[in-house]
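Structure file upload_38.txt (compact mmCIF, N, CA and C atoms) follows.
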# COMPACT_ATOMS: atom_id res chain seq x y z
N VAL A 1 -43.77 70.36 20.50
CA VAL A 1 -43.54 69.34 21.51
C VAL A 1 -42.04 69.16 21.72
N ASN A 2 -41.30 69.09 20.64
CA ASN A 2 -39.86 68.88 20.75
C ASN A 2 -39.21 70.02 21.53
N MET A 3 -39.61 71.26 21.25
CA MET A 3 -39.02 72.40 21.94
C MET A 3 -39.39 72.36 23.43
N SER A 4 -40.63 72.04 23.74
CA SER A 4 -41.06 71.94 25.14
C SER A 4 -40.29 70.85 25.86
N LYS A 5 -40.10 69.73 25.19
CA LYS A 5 -39.35 68.61 25.76
C LYS A 5 -37.93 69.06 26.09
N GLU A 6 -37.30 69.76 25.17
CA GLU A 6 -35.93 70.23 25.38
C GLU A 6 -35.86 71.23 26.54
N ILE A 7 -36.82 72.14 26.63
CA ILE A 7 -36.83 73.13 27.71
C ILE A 7 -36.98 72.44 29.06
N ILE A 8 -37.91 71.50 29.14
CA ILE A 8 -38.12 70.78 30.40
C ILE A 8 -36.86 70.02 30.79
N GLU A 9 -36.23 69.37 29.83
CA GLU A 9 -35.01 68.61 30.12
C GLU A 9 -33.88 69.54 30.58
N GLU A 10 -33.76 70.71 29.96
CA GLU A 10 -32.74 71.67 30.38
C GLU A 10 -33.00 72.19 31.79
N MET A 11 -34.27 72.46 32.09
CA MET A 11 -34.62 73.01 33.40
C MET A 11 -34.49 72.00 34.53
N THR A 12 -34.79 70.73 34.24
CA THR A 12 -34.80 69.71 35.29
C THR A 12 -33.54 68.85 35.33
N GLY A 13 -32.84 68.81 34.21
CA GLY A 13 -31.70 67.92 34.12
C GLY A 13 -32.10 66.47 33.97
N GLU A 14 -33.38 66.24 33.69
CA GLU A 14 -33.91 64.88 33.54
C GLU A 14 -34.48 64.70 32.14
N GLU A 15 -34.43 63.47 31.65
CA GLU A 15 -34.98 63.16 30.34
C GLU A 15 -36.50 63.03 30.42
N VAL A 16 -37.21 63.63 29.49
CA VAL A 16 -38.66 63.50 29.42
C VAL A 16 -38.97 62.18 28.73
N LEU A 17 -39.70 61.31 29.41
CA LEU A 17 -39.99 59.98 28.89
C LEU A 17 -41.47 59.72 28.65
N ALA A 18 -42.34 60.62 29.13
CA ALA A 18 -43.78 60.39 29.02
C ALA A 18 -44.48 61.62 28.47
N PHE A 19 -45.61 61.37 27.80
CA PHE A 19 -46.40 62.45 27.20
C PHE A 19 -47.87 62.14 27.37
N ALA A 20 -48.62 63.11 27.89
CA ALA A 20 -50.08 62.98 28.00
C ALA A 20 -50.69 63.83 26.89
N TYR A 21 -51.47 63.19 26.05
CA TYR A 21 -52.08 63.89 24.93
C TYR A 21 -53.11 64.90 25.41
N PRO A 22 -53.01 66.15 24.95
CA PRO A 22 -54.01 67.15 25.32
C PRO A 22 -55.39 66.69 24.87
N LYS A 23 -56.31 66.63 25.79
CA LYS A 23 -57.68 66.18 25.54
C LYS A 23 -57.72 64.78 24.94
N GLY A 24 -56.61 64.05 25.06
CA GLY A 24 -56.58 62.66 24.61
C GLY A 24 -56.51 62.47 23.11
N MET A 25 -56.31 63.55 22.36
CA MET A 25 -56.34 63.46 20.90
C MET A 25 -54.97 63.04 20.36
N TYR A 26 -54.97 61.95 19.58
CA TYR A 26 -53.72 61.46 18.99
C TYR A 26 -54.02 60.61 17.77
N THR A 27 -52.97 60.33 17.02
CA THR A 27 -53.07 59.46 15.85
C THR A 27 -51.89 58.49 15.87
N GLU A 28 -51.91 57.53 14.98
CA GLU A 28 -50.76 56.63 14.86
C GLU A 28 -49.50 57.43 14.51
N GLN A 29 -49.68 58.47 13.72
CA GLN A 29 -48.55 59.31 13.31
C GLN A 29 -47.93 60.01 14.53
N THR A 30 -48.76 60.54 15.42
CA THR A 30 -48.19 61.21 16.60
C THR A 30 -47.52 60.19 17.52
N GLU A 31 -48.08 58.99 17.62
CA GLU A 31 -47.44 57.95 18.42
C GLU A 31 -46.04 57.63 17.87
N ASP A 32 -45.95 57.49 16.57
CA ASP A 32 -44.68 57.19 15.92
C ASP A 32 -43.69 58.34 16.12
N TRP A 33 -44.15 59.55 15.93
CA TRP A 33 -43.29 60.73 16.04
C TRP A 33 -42.76 60.86 17.47
N LEU A 34 -43.62 60.70 18.47
CA LEU A 34 -43.17 60.80 19.85
C LEU A 34 -42.18 59.69 20.19
N GLY A 35 -42.40 58.51 19.64
CA GLY A 35 -41.44 57.42 19.86
C GLY A 35 -40.07 57.77 19.32
N ARG A 36 -40.04 58.42 18.16
CA ARG A 36 -38.74 58.82 17.59
C ARG A 36 -38.08 59.93 18.41
N LEU A 37 -38.88 60.69 19.18
CA LEU A 37 -38.33 61.72 20.06
C LEU A 37 -37.81 61.14 21.38
N GLY A 38 -38.03 59.83 21.58
CA GLY A 38 -37.56 59.19 22.80
C GLY A 38 -38.61 59.06 23.88
N ILE A 39 -39.85 59.40 23.55
CA ILE A 39 -40.93 59.26 24.52
C ILE A 39 -41.26 57.77 24.67
N LYS A 40 -41.20 57.27 25.89
CA LYS A 40 -41.42 55.84 26.14
C LYS A 40 -42.86 55.51 26.50
N ALA A 41 -43.58 56.47 27.09
CA ALA A 41 -44.96 56.23 27.55
C ALA A 41 -45.86 57.36 27.08
N THR A 42 -47.05 57.00 26.60
CA THR A 42 -48.03 58.00 26.21
C THR A 42 -49.35 57.67 26.89
N VAL A 43 -50.09 58.74 27.21
CA VAL A 43 -51.34 58.59 27.93
C VAL A 43 -52.44 59.33 27.17
N CYS A 44 -53.53 58.62 26.91
CA CYS A 44 -54.68 59.24 26.26
C CYS A 44 -55.81 59.38 27.29
N THR A 45 -57.02 59.58 26.88
CA THR A 45 -58.10 59.79 27.84
C THR A 45 -59.13 58.66 27.84
N LYS A 46 -58.76 57.51 27.30
CA LYS A 46 -59.67 56.36 27.38
C LYS A 46 -59.76 55.95 28.86
N PRO A 47 -60.97 55.92 29.43
CA PRO A 47 -61.07 55.53 30.84
C PRO A 47 -60.90 54.03 30.98
N GLU A 48 -59.68 53.60 31.24
CA GLU A 48 -59.42 52.18 31.37
C GLU A 48 -58.26 51.91 32.31
N VAL A 49 -58.24 50.72 32.83
CA VAL A 49 -57.15 50.25 33.67
C VAL A 49 -56.11 49.65 32.74
N ASN A 50 -54.86 49.95 32.97
CA ASN A 50 -53.79 49.51 32.09
C ASN A 50 -53.04 48.32 32.67
N LEU A 51 -52.65 47.42 31.81
CA LEU A 51 -51.82 46.29 32.21
C LEU A 51 -50.44 46.52 31.59
N VAL A 52 -49.49 46.88 32.44
CA VAL A 52 -48.13 47.12 31.98
C VAL A 52 -47.33 45.86 32.23
N GLU A 53 -46.69 45.37 31.17
CA GLU A 53 -45.94 44.13 31.28
C GLU A 53 -44.45 44.38 31.10
N ARG A 54 -43.68 43.76 31.96
CA ARG A 54 -42.23 43.88 31.90
C ARG A 54 -41.71 43.34 30.57
N TYR A 55 -40.77 44.04 29.99
CA TYR A 55 -40.15 43.69 28.71
C TYR A 55 -41.09 43.83 27.51
N LYS A 56 -42.22 44.50 27.70
CA LYS A 56 -43.14 44.78 26.60
C LYS A 56 -43.41 46.27 26.57
N PRO A 57 -42.49 47.03 25.96
CA PRO A 57 -42.62 48.49 25.97
C PRO A 57 -43.90 49.01 25.32
N GLY A 58 -44.50 48.22 24.46
CA GLY A 58 -45.74 48.65 23.83
C GLY A 58 -46.87 48.84 24.82
N THR A 59 -46.76 48.18 26.00
CA THR A 59 -47.82 48.33 27.00
C THR A 59 -47.77 49.69 27.68
N LEU A 60 -46.73 50.46 27.40
CA LEU A 60 -46.62 51.82 27.95
C LEU A 60 -47.17 52.87 26.99
N ARG A 61 -47.71 52.44 25.87
CA ARG A 61 -48.23 53.36 24.85
C ARG A 61 -49.75 53.41 24.92
N GLU A 62 -50.28 54.58 24.66
CA GLU A 62 -51.74 54.80 24.60
C GLU A 62 -52.44 54.31 25.87
N MET A 63 -51.81 54.57 27.01
CA MET A 63 -52.42 54.15 28.27
C MET A 63 -53.63 55.02 28.58
N GLY A 64 -54.62 54.39 29.17
CA GLY A 64 -55.83 55.12 29.55
C GLY A 64 -55.63 55.88 30.84
N ARG A 65 -56.55 56.77 31.12
CA ARG A 65 -56.53 57.50 32.39
C ARG A 65 -57.95 57.92 32.73
N PHE A 66 -58.14 58.27 33.96
CA PHE A 66 -59.44 58.69 34.43
C PHE A 66 -59.42 60.20 34.65
N SER A 67 -60.34 60.90 34.03
CA SER A 67 -60.47 62.33 34.24
C SER A 67 -61.13 62.56 35.59
N VAL A 68 -60.51 63.39 36.38
CA VAL A 68 -61.04 63.67 37.71
C VAL A 68 -61.15 65.18 37.87
N ASN A 69 -62.30 65.61 38.34
CA ASN A 69 -62.48 67.03 38.65
C ASN A 69 -63.14 67.15 40.01
N SER A 70 -63.50 68.34 40.39
CA SER A 70 -64.05 68.56 41.74
C SER A 70 -65.42 67.92 41.93
N ASP A 71 -66.07 67.48 40.85
CA ASP A 71 -67.38 66.85 40.96
C ASP A 71 -67.29 65.36 41.29
N ILE A 72 -66.10 64.79 41.26
CA ILE A 72 -65.93 63.35 41.50
C ILE A 72 -65.21 63.16 42.83
N SER A 73 -65.82 62.40 43.69
CA SER A 73 -65.20 62.13 44.99
C SER A 73 -64.14 61.03 44.82
N GLY A 74 -63.28 60.93 45.80
CA GLY A 74 -62.29 59.87 45.78
C GLY A 74 -62.94 58.50 45.76
N GLN A 75 -64.03 58.36 46.51
CA GLN A 75 -64.74 57.08 46.55
C GLN A 75 -65.32 56.74 45.19
N GLU A 76 -65.88 57.73 44.49
CA GLU A 76 -66.44 57.48 43.16
C GLU A 76 -65.36 57.06 42.17
N LEU A 77 -64.18 57.68 42.26
CA LEU A 77 -63.07 57.30 41.39
C LEU A 77 -62.68 55.84 41.64
N VAL A 78 -62.55 55.46 42.89
CA VAL A 78 -62.20 54.09 43.24
C VAL A 78 -63.25 53.12 42.70
N GLU A 79 -64.52 53.48 42.83
CA GLU A 79 -65.60 52.62 42.33
C GLU A 79 -65.51 52.45 40.81
N ARG A 80 -65.21 53.52 40.10
CA ARG A 80 -65.07 53.42 38.64
C ARG A 80 -63.92 52.50 38.26
N ILE A 81 -62.80 52.65 38.94
CA ILE A 81 -61.63 51.81 38.65
C ILE A 81 -61.96 50.35 38.96
N ASN A 82 -62.57 50.10 40.10
CA ASN A 82 -62.93 48.73 40.48
C ASN A 82 -63.88 48.11 39.46
N LEU A 83 -64.85 48.88 38.98
CA LEU A 83 -65.79 48.37 38.00
C LEU A 83 -65.07 47.95 36.72
N LEU A 84 -64.16 48.79 36.25
CA LEU A 84 -63.41 48.44 35.04
C LEU A 84 -62.51 47.23 35.26
N GLU A 85 -61.90 47.14 36.43
CA GLU A 85 -61.07 45.97 36.72
C GLU A 85 -61.90 44.70 36.70
N GLU A 86 -63.11 44.75 37.27
CA GLU A 86 -63.99 43.59 37.25
C GLU A 86 -64.36 43.19 35.83
N MET A 87 -64.55 44.17 34.96
CA MET A 87 -64.89 43.90 33.57
C MET A 87 -63.74 43.25 32.82
N MET A 88 -62.49 43.54 33.26
CA MET A 88 -61.32 42.97 32.61
C MET A 88 -61.16 41.49 32.90
N TYR A 89 -61.62 41.04 34.05
CA TYR A 89 -61.35 39.65 34.47
C TYR A 89 -62.58 38.85 34.46
Encoded form using structure tokens:
Amino acid sequence: VNMSKEIIEEMTGEEVLAFAYPKGMYTEQTEDWLGRLGIKATVCTKPEVNLVERYKPGTLREMGRFSVNSDISGQELVERINLLEEMMY
């Protein structure tokens, strides 16, 4: 990961600040390690809506995401997100 991060930064001239876990697999140890590498945001595969709060960097860690493939329409994705948002409130 560190080597890939360095290559991307050299090629783009930009700092890598986010990491999406392959297949969503991670541990507390990987979260800690990525934080020490300067990664500010991490994304796993928990299907959830995220609440990011200003001045609370922890809300950028272990963020959920929705897996989308050709079998899911845009409308179905929106419905899933809306359903989860309703469950949150």
Neighbours of point (-46.1, 59.2, 30.6) within 5 Å, using only N, CA and C atoms, written as number ranges by chain: A: 18-19, 41-42
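Closest approach to A:Gly38 among A:Val16, A:Ser67, A:Met3, A:Val78: A:Val16, based on only C-alpha atoms.
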Contacts of stretch 44-59 of chain A at 7 Å (only C-alpha atoms; same-chain gap of 3+ positions) as a PyMOL selection string: chain A and resi 20-21+23-24+62-66+81+84-85
Nearest candidate to A:Val1 (options A:Gln75, A:Asn82, A:Thr30, A:Ser70; using only C-alpha atoms): A:Thr30
May I have the centre and edge lengths, in Å to one decimal, of an axis-aligned box around the listed atoms of stretch 19-29 of chain A with 3 Å added to every side, as JSON?
{"center_x": -51.7, "center_y": 61.9, "center_z": 20.7, "size_x": 18.1, "size_y": 16.5, "size_z": 20.7}
Picked from chain A by DSSP as alpha helix (DSSP H), as a ChimeraX atom specification: /A:2-12,28-36,74-88
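One distance worth recording is that between atom N of A:Glu10 and atom CA of A:Val68, which is 29.2 Å.
Across chain A, DSSP run on the backbone finds strand (DSSP E) at Ala18, Phe19, Ala20, Ala41, Thr42 and Val43 of chain A.
Of the listed residues (A:Asn2, A:Asn69, A:Met87, A:Arg80), A:Asn2 comes nearest to A:Leu37; the distances count only N, CA and C atoms.
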Straight-line distance linking atom CA of A:Ile72 with atom CA of A:Leu60, stated in Å to one decimal: 26.3 Å
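Here atom C of A:Ile8 is placed at a distance of 18.2 Å from atom CA of A:Pro22.
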